[in-house]
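The file start07.cif comes next; it holds mmCIF, C-alpha atoms.
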data_input
loop_
_atom_site.label_atom_id
_atom_site.label_comp_id
_atom_site.auth_asym_id
_atom_site.auth_seq_id
_atom_site.Cartn_x
_atom_site.Cartn_y
_atom_site.Cartn_z
CA MET A 39 -50.85 -31.35 -27.99
CA ARG A 40 -52.24 -30.32 -24.61
CA ARG A 41 -50.31 -33.14 -22.92
CA ARG A 42 -47.03 -31.92 -24.49
CA LEU A 43 -47.72 -28.35 -23.39
CA LEU A 44 -48.41 -29.51 -19.83
CA LEU A 45 -45.16 -31.50 -19.82
CA LEU A 46 -43.18 -28.46 -21.04
CA VAL A 47 -44.67 -26.19 -18.33
CA SER A 48 -43.99 -28.79 -15.64
CA SER A 49 -40.34 -29.08 -16.76
CA SER A 50 -39.94 -25.30 -16.55
CA PHE A 51 -41.12 -25.32 -12.92
CA VAL A 52 -38.55 -28.00 -12.09
CA LEU A 53 -35.77 -25.79 -13.48
CA LEU A 54 -36.95 -22.87 -11.37
CA LEU A 55 -36.94 -24.98 -8.22
CA THR A 56 -33.22 -25.73 -8.66
CA GLY A 57 -32.25 -22.04 -8.68
CA CYS A 58 -31.19 -21.98 -5.01
CA TRP A 59 -29.44 -25.34 -4.74
CA ASP A 60 -26.20 -23.73 -3.45
CA GLN A 61 -27.79 -21.26 -1.05
CA VAL A 62 -26.17 -20.98 2.40
CA ASP A 63 -28.05 -19.41 5.29
CA ILE A 64 -26.42 -16.27 6.68
CA GLU A 65 -26.31 -17.84 10.16
CA GLU A 66 -24.04 -20.56 8.77
CA ARG A 67 -21.49 -18.17 7.24
CA GLY A 68 -18.28 -17.11 8.98
CA PHE A 69 -17.65 -13.54 7.81
CA ILE A 70 -13.90 -12.97 7.45
CA ILE A 71 -12.94 -9.31 7.82
CA GLY A 72 -9.13 -9.58 7.81
CA SER A 73 -6.28 -12.08 7.43
CA GLY A 74 -2.68 -12.30 8.63
CA ILE A 75 0.18 -14.54 7.46
CA ASP A 76 3.21 -15.40 9.62
CA MET A 77 5.96 -17.98 9.74
CA ALA A 78 4.98 -20.76 12.14
CA ASP A 79 6.87 -20.88 15.44
CA GLU A 80 7.90 -24.48 14.82
CA GLN A 81 9.40 -25.30 11.44
CA LYS A 82 9.68 -28.75 9.88
CA LYS A 83 13.04 -30.02 8.69
CA GLN A 84 11.87 -29.84 5.10
CA GLY A 85 9.54 -27.13 3.84
CA ARG A 86 8.44 -23.79 5.28
CA VAL A 87 5.49 -23.81 7.65
CA LEU A 88 3.13 -20.83 7.55
CA THR A 89 0.46 -19.70 9.99
CA LEU A 90 -2.71 -18.13 8.63
CA THR A 91 -4.94 -16.11 10.96
CA HIS A 92 -8.47 -15.16 9.95
CA GLN A 93 -10.44 -12.51 11.83
CA PHE A 94 -14.13 -13.43 11.95
CA VAL A 95 -16.92 -11.02 12.81
CA VAL A 96 -19.06 -11.95 15.82
CA PRO A 97 -22.39 -10.20 15.09
CA ALA A 98 -23.60 -10.50 18.69
CA GLY A 99 -20.67 -8.37 19.87
CA LEU A 100 -21.64 -5.48 17.60
CA GLY A 101 -24.89 -4.74 19.44
CA ALA A 102 -25.40 -1.81 21.79
CA PRO A 103 -24.95 -2.51 25.55
CA MET A 104 -28.70 -2.24 26.15
CA GLN A 105 -29.21 -4.94 23.53
CA GLY A 106 -27.03 -7.39 25.41
CA GLY A 107 -23.98 -7.31 23.11
CA GLY A 108 -21.84 -4.74 24.91
CA ASP A 109 -19.56 -7.11 26.84
CA GLN A 110 -19.00 -9.65 24.09
CA LYS A 111 -16.08 -9.44 21.65
CA ALA A 112 -17.09 -8.36 18.17
CA PHE A 113 -14.43 -10.53 16.53
CA ASP A 114 -12.72 -13.88 16.86
CA ASN A 115 -9.27 -14.80 15.53
CA LEU A 116 -8.74 -18.34 14.29
CA SER A 117 -5.30 -19.64 13.26
CA ALA A 118 -3.99 -22.74 11.52
CA SER A 119 -0.59 -23.81 10.18
CA GLY A 120 0.65 -25.76 7.18
CA GLU A 121 3.11 -25.88 4.31
CA SER A 122 0.70 -24.43 1.73
CA MET A 123 -2.10 -21.89 1.87
CA PHE A 124 -4.57 -24.44 0.47
CA GLU A 125 -3.69 -26.95 3.19
CA ILE A 126 -4.15 -24.27 5.85
CA SER A 127 -7.52 -23.21 4.42
CA ARG A 128 -8.71 -26.82 4.64
CA LYS A 129 -7.64 -27.04 8.28
CA MET A 130 -9.36 -23.72 8.99
CA THR A 131 -12.64 -25.06 7.56
CA GLU A 132 -12.41 -28.15 9.79
CA GLN A 133 -11.84 -26.00 12.91
CA SER A 134 -14.74 -23.64 12.32
CA SER A 135 -18.43 -24.50 12.67
CA LYS A 136 -19.24 -21.96 9.97
CA LEU A 137 -18.34 -21.79 6.29
CA PRO A 138 -15.66 -19.08 5.66
CA PHE A 139 -17.03 -16.17 3.62
CA TYR A 140 -14.53 -13.72 2.10
CA ARG A 141 -16.60 -11.10 0.32
CA HIS A 142 -16.39 -8.62 3.21
CA GLU A 143 -12.64 -8.98 3.77
CA LYS A 144 -10.89 -5.62 4.20
CA ILE A 145 -7.19 -6.32 4.54
CA ILE A 146 -4.45 -8.94 4.29
CA VAL A 147 -1.38 -8.41 6.51
CA ILE A 148 1.95 -10.12 5.77
CA SER A 149 4.69 -10.32 8.40
CA ASN A 150 8.07 -8.92 7.39
CA GLU A 151 9.63 -12.31 8.21
CA VAL A 152 7.50 -13.90 5.48
CA ALA A 153 7.99 -11.00 3.04
CA LYS A 154 11.80 -11.25 3.24
CA LEU A 155 11.87 -14.79 1.80
CA PRO A 156 12.35 -14.94 -2.00
CA TYR A 157 9.26 -15.82 -4.06
CA LEU A 158 7.12 -16.65 -0.99
CA PHE A 159 4.98 -13.50 -1.10
CA GLY A 160 3.83 -14.25 -4.66
CA GLU A 161 3.18 -17.88 -3.83
CA MET A 162 1.04 -16.95 -0.84
CA MET A 163 -1.03 -14.42 -2.72
CA ASP A 164 -1.94 -16.99 -5.37
CA ILE A 165 -4.81 -18.53 -3.41
CA PHE A 166 -6.28 -15.12 -2.56
CA LEU A 167 -6.15 -14.04 -6.19
CA ARG A 168 -7.79 -17.25 -7.42
CA ASN A 169 -10.63 -17.22 -4.88
CA PRO A 170 -13.74 -15.88 -6.70
CA GLU A 171 -15.10 -14.52 -3.39
CA MET A 172 -12.09 -12.22 -2.95
CA ARG A 173 -12.76 -8.64 -4.04
CA ARG A 174 -10.06 -6.75 -5.89
CA SER A 175 -10.34 -3.87 -3.40
CA ILE A 176 -8.84 -5.81 -0.45
CA LYS A 177 -5.84 -3.90 0.94
CA VAL A 178 -2.43 -5.54 1.40
CA ALA A 179 0.16 -4.40 3.96
CA VAL A 180 3.41 -5.57 5.56
CA ALA A 181 3.67 -5.77 9.36
CA ASP A 182 6.86 -4.84 11.17
CA GLY A 183 6.70 -7.98 13.31
CA LYS A 184 3.96 -10.59 13.45
CA ALA A 185 0.80 -10.11 11.43
CA GLU A 186 -1.17 -11.88 14.14
CA ASP A 187 -0.23 -9.08 16.59
CA VAL A 188 -1.81 -6.55 14.24
CA LEU A 189 -5.08 -8.50 14.24
CA ASN A 190 -4.93 -8.72 18.07
CA THR A 191 -4.71 -4.95 18.53
CA LYS A 192 -7.33 -3.56 20.92
CA PRO A 193 -8.25 -0.08 19.65
CA GLU A 194 -10.45 2.00 21.94
CA SER A 195 -12.37 3.61 19.08
CA GLU A 196 -13.30 0.48 17.10
CA LYS A 197 -14.61 -2.95 18.05
CA ILE A 198 -12.99 -4.83 15.16
CA PRO A 199 -9.19 -4.42 14.63
CA ALA A 200 -9.32 -5.11 10.87
CA ILE A 201 -11.86 -2.34 10.29
CA TYR A 202 -9.79 0.01 12.46
CA LEU A 203 -6.66 -0.85 10.46
CA ASP A 204 -8.51 -0.27 7.19
CA SER A 205 -9.46 3.24 8.37
CA VAL A 206 -5.93 4.03 9.60
CA MET A 207 -4.46 3.18 6.21
CA GLU A 208 -7.01 5.33 4.38
CA ASN A 209 -6.46 8.31 6.69
CA SER A 210 -2.65 8.08 6.72
CA PHE A 211 -2.54 8.66 2.97
CA GLU A 212 -3.95 12.15 3.52
CA ASN A 213 -0.51 12.91 4.93
CA ALA A 214 2.15 12.93 2.20
CA SER A 215 4.38 10.66 4.30
CA GLY A 216 1.70 7.98 4.32
CA MET A 217 1.80 5.24 1.72
CA GLU A 218 -1.15 4.99 -0.61
CA PRO A 219 -3.17 1.85 0.22
CA VAL A 220 -2.33 -0.95 -2.20
CA LYS A 221 -5.16 -3.25 -3.25
CA ILE A 222 -4.91 -6.90 -4.13
CA GLY A 223 -5.81 -6.10 -7.75
CA GLU A 224 -2.69 -3.92 -7.96
CA VAL A 225 -0.62 -6.66 -6.33
CA HIS A 226 -1.77 -8.98 -9.11
CA GLU A 227 -0.43 -6.48 -11.66
CA PHE A 228 2.89 -6.30 -9.78
CA LEU A 229 3.24 -10.07 -9.79
CA MET A 230 2.41 -10.35 -13.48
CA GLY A 231 4.58 -7.41 -14.57
CA LYS A 232 7.65 -8.41 -12.52
CA MET A 233 8.33 -4.74 -11.80
CA SER A 234 9.62 -3.63 -8.38
CA TYR A 235 7.05 -2.11 -6.04
CA VAL A 236 6.35 -0.83 -2.54
CA LEU A 237 3.67 -1.79 -0.01
CA PRO A 238 2.47 0.07 3.10
CA ARG A 239 4.27 -0.83 6.31
CA ILE A 240 2.42 -1.01 9.63
CA ILE A 241 3.47 -1.35 13.26
CA ALA A 242 1.23 -2.82 15.97
CA ARG A 243 0.94 -1.20 19.38
CA GLU A 244 -1.13 -2.46 22.29
CA LYS A 245 -4.10 -0.23 21.56
CA SER A 246 -3.29 1.20 18.15
CA VAL A 247 -1.72 0.55 14.78
CA GLU A 248 0.60 3.01 13.04
CA SER A 249 1.18 3.27 9.32
CA GLU A 250 4.91 3.97 9.08
CA GLY A 251 6.77 4.23 5.80
CA SER A 252 6.82 1.51 3.19
CA ALA A 253 8.33 -1.88 2.36
CA VAL A 254 10.33 -2.26 -0.87
CA PHE A 255 9.98 -5.42 -2.99
CA GLN A 256 12.16 -6.65 -5.85
CA GLY A 257 9.91 -7.42 -8.80
CA TYR A 258 11.60 -10.47 -10.26
CA ASN A 259 11.46 -12.58 -7.05
CA ASN A 260 8.86 -10.67 -4.97
CA GLN A 261 11.24 -10.41 -2.03
CA MET A 262 11.18 -7.57 0.49
CA ILE A 263 14.69 -6.12 0.39
CA GLY A 264 14.36 -3.01 2.56
CA THR A 265 12.18 -0.20 3.85
CA LEU A 266 11.64 3.53 3.44
CA ASN A 267 10.97 5.68 6.49
CA ASP A 268 8.30 8.37 6.62
CA ALA A 269 10.53 11.11 5.15
CA GLU A 270 11.70 8.86 2.32
CA THR A 271 8.15 7.74 1.60
CA LYS A 272 7.09 11.38 1.47
CA ALA A 273 9.86 12.06 -1.06
CA LEU A 274 8.82 8.99 -3.08
CA ASN A 275 5.22 10.25 -3.20
CA LEU A 276 6.42 13.65 -4.41
CA ILE A 277 8.61 12.14 -7.12
CA ILE A 278 5.94 9.83 -8.55
CA GLY A 279 3.13 12.38 -8.18
CA LYS A 280 1.10 10.61 -5.49
CA ALA A 281 1.60 13.10 -2.66
CA LYS A 282 -1.46 14.68 -1.13
CA GLN A 283 -1.47 16.94 1.89
CA GLY A 284 1.59 17.15 4.11
CA ILE A 285 3.95 19.54 5.86
CA ILE A 286 7.48 20.66 5.08
CA ASN A 287 9.55 22.28 7.83
CA ILE A 288 12.26 24.79 6.90
CA SER A 289 14.53 27.18 8.78
CA LEU A 290 14.78 30.86 7.80
CA ASN A 291 17.15 33.11 9.75
CA GLN A 292 17.44 30.31 12.33
CA LYS A 293 13.66 30.33 12.90
CA ASN A 294 11.37 27.48 11.97
CA ILE A 295 8.57 27.86 9.43
CA THR A 296 5.97 25.19 8.63
CA TYR A 297 4.75 25.00 5.05
CA GLU A 298 1.60 22.97 4.45
CA MET A 299 1.19 21.42 1.01
CA GLU A 300 -2.28 21.54 -0.47
CA GLU A 301 -1.46 20.31 -3.96
CA ALA A 302 1.52 18.54 -5.50
CA LYS A 303 2.22 17.49 -9.07
CA SER A 304 5.13 15.71 -10.69
CA LYS A 305 6.32 15.17 -14.25
CA ILE A 306 9.07 12.73 -15.23
CA LYS A 307 10.89 12.91 -18.57
CA LEU A 308 13.41 10.41 -19.91
CA ASP A 309 16.42 10.99 -22.13
CA THR A 310 17.09 7.60 -23.74
CA ASN A 311 20.02 8.54 -26.01
CA ASP A 312 22.17 6.20 -23.94
CA ILE A 313 19.76 3.56 -22.65
CA ARG A 314 22.41 2.09 -20.32
CA HIS A 315 23.08 5.48 -18.72
CA LEU A 316 19.62 7.00 -18.66
CA ASP A 317 18.95 10.64 -17.76
CA VAL A 318 15.78 11.11 -15.72
CA TYR A 319 14.34 14.61 -15.28
CA VAL A 320 11.91 15.05 -12.37
CA ASP A 321 9.91 18.30 -12.09
CA ILE A 322 7.94 18.69 -8.85
CA ASN A 323 5.43 21.52 -8.40
CA VAL A 324 3.80 22.15 -5.03
CA SER A 325 1.46 24.84 -3.76
CA GLY A 326 0.26 25.46 -0.22
CA VAL A 327 0.13 27.81 2.75
CA ILE A 328 2.30 28.92 5.63
CA SER A 329 0.61 27.35 8.62
CA GLU A 330 3.07 28.31 11.39
CA THR A 331 6.07 30.59 11.94
CA PHE A 332 8.47 31.04 14.86
CA GLY A 333 10.21 34.15 13.57
CA THR A 334 9.35 37.84 13.10
CA GLU A 335 9.61 38.06 9.32
CA ASN A 336 7.10 40.25 7.52
CA LEU A 337 5.39 37.73 5.28
CA PHE A 338 3.82 40.46 3.17
CA GLN A 339 7.22 41.42 1.80
CA ARG A 340 7.78 39.86 -1.61
CA SER A 341 11.44 39.16 -0.85
CA THR A 342 10.49 37.15 2.25
CA PHE A 343 7.84 35.32 0.26
CA LYS A 344 10.33 34.31 -2.42
CA GLU A 345 12.93 33.31 0.15
CA ILE A 346 10.51 30.92 1.85
CA GLU A 347 9.50 29.41 -1.49
CA LYS A 348 13.16 28.90 -2.37
CA HIS A 349 13.88 27.18 0.96
CA VAL A 350 10.88 24.85 0.57
CA SER A 351 11.95 23.94 -2.96
CA ARG A 352 15.48 23.25 -1.79
CA GLU A 353 14.18 21.03 1.03
CA ILE A 354 12.05 19.02 -1.41
CA GLU A 355 14.98 18.59 -3.80
CA THR A 356 17.28 17.48 -0.98
CA LYS A 357 14.85 14.85 0.35
CA ALA A 358 14.11 13.59 -3.16
CA GLU A 359 17.82 13.27 -4.01
CA GLN A 360 18.49 11.42 -0.74
CA THR A 361 15.70 8.94 -1.50
CA ILE A 362 16.91 8.45 -5.07
CA LYS A 363 20.44 7.82 -3.76
CA LYS A 364 19.13 5.18 -1.33
CA ALA A 365 17.12 3.48 -4.08
CA GLN A 366 20.12 3.39 -6.44
CA GLN A 367 23.01 2.62 -4.09
CA GLU A 368 21.51 0.75 -1.14
CA LEU A 369 18.32 -0.92 -2.41
CA LYS A 370 19.38 -1.01 -6.10
CA THR A 371 15.69 -1.16 -6.92
CA ASP A 372 13.50 0.95 -9.20
CA ILE A 373 10.77 2.15 -6.84
CA PHE A 374 9.87 5.08 -9.11
CA GLY A 375 8.31 3.14 -11.99
CA ILE A 376 10.96 4.23 -14.51
CA GLY A 377 11.05 0.72 -15.93
CA ASN A 378 7.31 0.87 -16.59
CA MET A 379 7.76 4.17 -18.40
CA LEU A 380 10.49 2.68 -20.58
CA LYS A 381 8.32 -0.34 -21.36
CA GLU A 382 5.34 1.82 -22.34
CA ARG A 383 7.14 4.61 -24.22
CA HIS A 384 10.38 3.06 -25.49
CA TYR A 385 9.55 -0.61 -25.89
CA ASP A 386 12.30 -1.54 -28.36
CA GLN A 387 14.99 -0.06 -26.12
CA TRP A 388 13.39 -1.63 -23.05
CA GLN A 389 13.70 -5.06 -24.67
CA GLN A 390 17.45 -4.56 -24.81
CA ILE A 391 17.90 -3.96 -21.07
CA HIS A 392 14.87 -5.37 -19.21
CA ASP A 393 16.85 -8.32 -17.79
CA ASN A 394 19.47 -5.93 -16.43
CA TRP A 395 17.37 -2.95 -15.36
CA ASP A 396 17.34 -3.26 -11.56
CA ARG A 397 19.14 -6.58 -11.36
CA GLY A 398 22.14 -8.07 -13.16
CA ALA A 399 24.11 -5.15 -14.62
CA ASN A 400 21.57 -2.86 -12.90
CA TYR A 401 21.32 0.01 -15.35
CA PHE A 402 18.85 1.67 -12.98
CA SER A 403 21.69 2.36 -10.52
CA GLN A 404 23.73 3.87 -13.37
CA SER A 405 20.98 6.33 -14.36
CA THR A 406 21.34 10.03 -13.55
CA PHE A 407 18.41 11.84 -11.92
CA HIS A 408 17.90 15.61 -12.23
CA VAL A 409 15.39 16.95 -9.68
CA ASN A 410 13.84 20.40 -9.87
CA ALA A 411 11.19 21.61 -7.43
CA THR A 412 9.01 24.72 -7.75
CA THR A 413 7.03 26.03 -4.78
CA ARG A 414 4.15 28.47 -4.65
CA ILE A 415 2.67 30.02 -1.49
CA ARG A 416 -1.04 30.66 -1.87
CA THR A 417 -1.59 32.44 1.44
CA THR A 418 0.10 33.23 4.75
CA GLY A 419 -3.06 32.92 6.82
CA ASN A 420 -5.04 35.75 8.39
CA ILE A 421 -2.02 37.73 9.63
CA ASN A 422 1.43 38.62 8.38
CA LYS A 423 3.08 38.62 11.82
CA SER A 424 2.35 36.94 15.13
CA LYS A 425 5.19 38.51 17.21
CA HIS A 426 6.86 41.89 17.71
CA GLU A 427 10.40 42.32 16.51
#
Whole structure given in structure tokens:
Amino acid sequence: MRRRLLLLVSSSFVLLLTGCWDQVDIEERGFIIGSGIDMADEQKKQGRVLTLTHQFVVPAGLGAPMQGGGDQKAFDNLSASGESMFEISRKMTEQSSKLPFYRHEKIIVISNEVAKLPYLFGEMMDIFLRNPEMRRSIKVAVADGKAEDVLNTKPESEKIPAIYLDSVMENSFENASGMEPVKIGEVHEFLMGKMSYVLPRIIAREKSVESEGSAVFQGYNNQMIGTLNDAETKALNLIIGKAKQGIINISLNQKNITYEMEEAKSKIKLDTNDIRHLDVYVDINVSGVISETFGTENLFQRSTFKEIEKHVSREIETKAEQTIKKAQQELKTDIFGIGNMLKERHYDQWQQIHDNWDRGANYFSQSTFHVNATTRIRTTGNINKSKHE
């Protein structure tokens, strides 16, 4: 009996000793902080050749100057090319002396050249979605140009370009014209749902990166088919209820007034009596303050107050209608999520048209949008006038 007990205890210790069989020392890990995907400069006769760039953190470059790390780069970009993302990843592993580690990755940047090819975006994202080390919070963006150029940006305020880019995208959303950061988990939903979507669009400068508008993707083939500029992206955010702070400039009596939004809400209603000629009612409500005036109007007069609110509402309606017109006539793509609303609220009717919603017969383009905006001014600031008449 004692011998059996001793054997059981000894076996338990053996199991405990195997608990760290796959442990990798931190010094042997290559911490990837950002990735970029471009078309390779040289293409083969058959097949498309991609270039993947990983941005690795160099810990020694993060130290303070007095610690000896001030003059060393805090990152290193490593690139490899191939016909599939898996092939490229294998080549990348062979080139690096450290094992790639993805759990600290912040952002994946896709070049617009890659994004414009049908189906390729979804195919590329497959390996990132399947990798168990990839967190669902990784941001995805489209570069206006080469993604590698974005990762080679040299910002003065940050040592690592990918971290700088991550901050720029977060901060730009505070402005209503900025696109809300899209995470890889949301991209997975887009790919599975086959609904059209938009991704943030970024432009690389020598020492900075700008978040400018958004890239529009067709849901059924995941192809980038166009872009929205800042004003159109602002209108999109207002329509779908994702706008945060932002400014709206109006002219009253030929003098400029700047209205600053502090809160914006949107409500969309659908009239599905004729599913092939849908009526979409968009109600936008904004509230904010007058942050700047160039005229001599007395802002304490109720008539002036109401006139400014009316002008702001009209400006919002105009921009929204222009963006809707572009989506219906030029892009022919449902960027407002109307298809999702139909699927969730009117499933039986959606089943009748889903193959022809924003493709084929394109019933989206035949829908009629009715936009109504309501504006409220909370305050005019500390004074009612800044100039003499």
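Ranking A:His408, A:Lys245, A:Arg128, A:Arg173 by their shortest atom-to-atom distance to Lys144 (chain A), with only C-alpha atoms included, puts A:Arg173 first.
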Please write as a list of chain:residue names the full residue list that the PyMOL selection byres ((chain A and resi 172) around 6) yields on this file.
-> A:Tyr140, A:Arg141, A:Asn169, A:Pro170, A:Glu171, A:Arg173
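The two atoms in question, CA of Thr413 (chain A) and CA of Ile346 (chain A), are spaced 8.9 Å apart.
When CA of Arg383 (chain A) is paired with CA of Lys232 (chain A), their separation reads 17.5 Å.
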Identify all residues satisfying the PyMOL selection byres ((chain A and resi 289-293) around 12) in the given file; provide them as number ranges by chain.
-> A: 286-288, 294-297, 330-335, 337, 342-350, 352-353
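Distance check against Leu276 (chain A) using all atoms listed in the file: of A:Asn400, A:Asn259, A:Thr412, A:Ser210, the minimum falls on A:Thr412.
Relative to CA of Ile313 (chain A), CA of Asp386 (chain A) is found at 10.7 Å.
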Name the residues captured by the PyMOL selection byres ((chain A and resi 374) around 8) when it is applied to the shown file; answer as an MDAnalysis selection string.
-> chainID A and resid 274 277:278 372:373 375:376
Tell me which protein, DNA and RNA residues are within 8 Å of Ser249 (chain A), counting all atoms listed in the file, leaving out same-chain ones fewer than 5 positions away, and put them as number ranges by chain.
-> A: 206-207, 210, 216-217, 238-241
Distance query Ser252 (chain A) at most 8 Å, only C-alpha atoms, self and fewer than 4 positions along chain excluded, as a compact mmCIF listing (two decimals) with C-alpha atoms, keeping the file's coordinate frame:
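And here's part.txt as it stands now:
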# COMPACT_ATOMS: atom_id res chain seq x y z
CA MET A 217 1.80 5.24 1.72
CA VAL A 236 6.35 -0.83 -2.54
CA LEU A 237 3.67 -1.79 -0.01
CA PRO A 238 2.47 0.07 3.10
CA ARG A 239 4.27 -0.83 6.31
CA THR A 265 12.18 -0.20 3.85
CA LEU A 266 11.64 3.53 3.44
CA ASN A 267 10.97 5.68 6.49
CA ASP A 268 8.30 8.37 6.62
CA THR A 271 8.15 7.74 1.60
So which residues touch region 369-371 of chain A within 12 Å, counting all atoms listed in the file, skipping near sequence neighbours fewer than 5 positions away, as an MDAnalysis selection string?
-> chainID A and resid 233:236 253:258 260:266 361:364 376:377 394:405
Written file, previous selection with C-alpha atoms, as a PDB file, keeping the file's coordinate frame:
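Result saved to result_14.pdb:
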ATOM      1  CA  MET A 233       8.330  -4.740 -11.800  1.00  0.00           C
ATOM      2  CA  SER A 234       9.620  -3.630  -8.380  1.00  0.00           C
ATOM      3  CA  TYR A 235       7.050  -2.110  -6.040  1.00  0.00           C
ATOM      4  CA  VAL A 236       6.350  -0.830  -2.540  1.00  0.00           C
ATOM      5  CA  ALA A 253       8.330  -1.880   2.360  1.00  0.00           C
ATOM      6  CA  VAL A 254      10.330  -2.260  -0.870  1.00  0.00           C
ATOM      7  CA  PHE A 255       9.980  -5.420  -2.990  1.00  0.00           C
ATOM      8  CA  GLN A 256      12.160  -6.650  -5.850  1.00  0.00           C
ATOM      9  CA  GLY A 257       9.910  -7.420  -8.800  1.00  0.00           C
ATOM     10  CA  TYR A 258      11.600 -10.470 -10.260  1.00  0.00           C
ATOM     11  CA  ASN A 260       8.860 -10.670  -4.970  1.00  0.00           C
ATOM     12  CA  GLN A 261      11.240 -10.410  -2.030  1.00  0.00           C
ATOM     13  CA  MET A 262      11.180  -7.570   0.490  1.00  0.00           C
ATOM     14  CA  ILE A 263      14.690  -6.120   0.390  1.00  0.00           C
ATOM     15  CA  GLY A 264      14.360  -3.010   2.560  1.00  0.00           C
ATOM     16  CA  THR A 265      12.180  -0.200   3.850  1.00  0.00           C
ATOM     17  CA  LEU A 266      11.640   3.530   3.440  1.00  0.00           C
ATOM     18  CA  THR A 361      15.700   8.940  -1.500  1.00  0.00           C
ATOM     19  CA  ILE A 362      16.910   8.450  -5.070  1.00  0.00           C
ATOM     20  CA  LYS A 363      20.440   7.820  -3.760  1.00  0.00           C
ATOM     21  CA  LYS A 364      19.130   5.180  -1.330  1.00  0.00           C
ATOM     22  CA  ILE A 376      10.960   4.230 -14.510  1.00  0.00           C
ATOM     23  CA  GLY A 377      11.050   0.720 -15.930  1.00  0.00           C
ATOM     24  CA  ASN A 394      19.470  -5.930 -16.430  1.00  0.00           C
ATOM     25  CA  TRP A 395      17.370  -2.950 -15.360  1.00  0.00           C
ATOM     26  CA  ASP A 396      17.340  -3.260 -11.560  1.00  0.00           C
ATOM     27  CA  ARG A 397      19.140  -6.580 -11.360  1.00  0.00           C
ATOM     28  CA  GLY A 398      22.140  -8.070 -13.160  1.00  0.00           C
ATOM     29  CA  ALA A 399      24.110  -5.150 -14.620  1.00  0.00           C
ATOM     30  CA  ASN A 400      21.570  -2.860 -12.900  1.00  0.00           C
ATOM     31  CA  TYR A 401      21.320   0.010 -15.350  1.00  0.00           C
ATOM     32  CA  PHE A 402      18.850   1.670 -12.980  1.00  0.00           C
ATOM     33  CA  SER A 403      21.690   2.360 -10.520  1.00  0.00           C
ATOM     34  CA  GLN A 404      23.730   3.870 -13.370  1.00  0.00           C
ATOM     35  CA  SER A 405      20.980   6.330 -14.360  1.00  0.00           C
TER      36      SER A 405
END
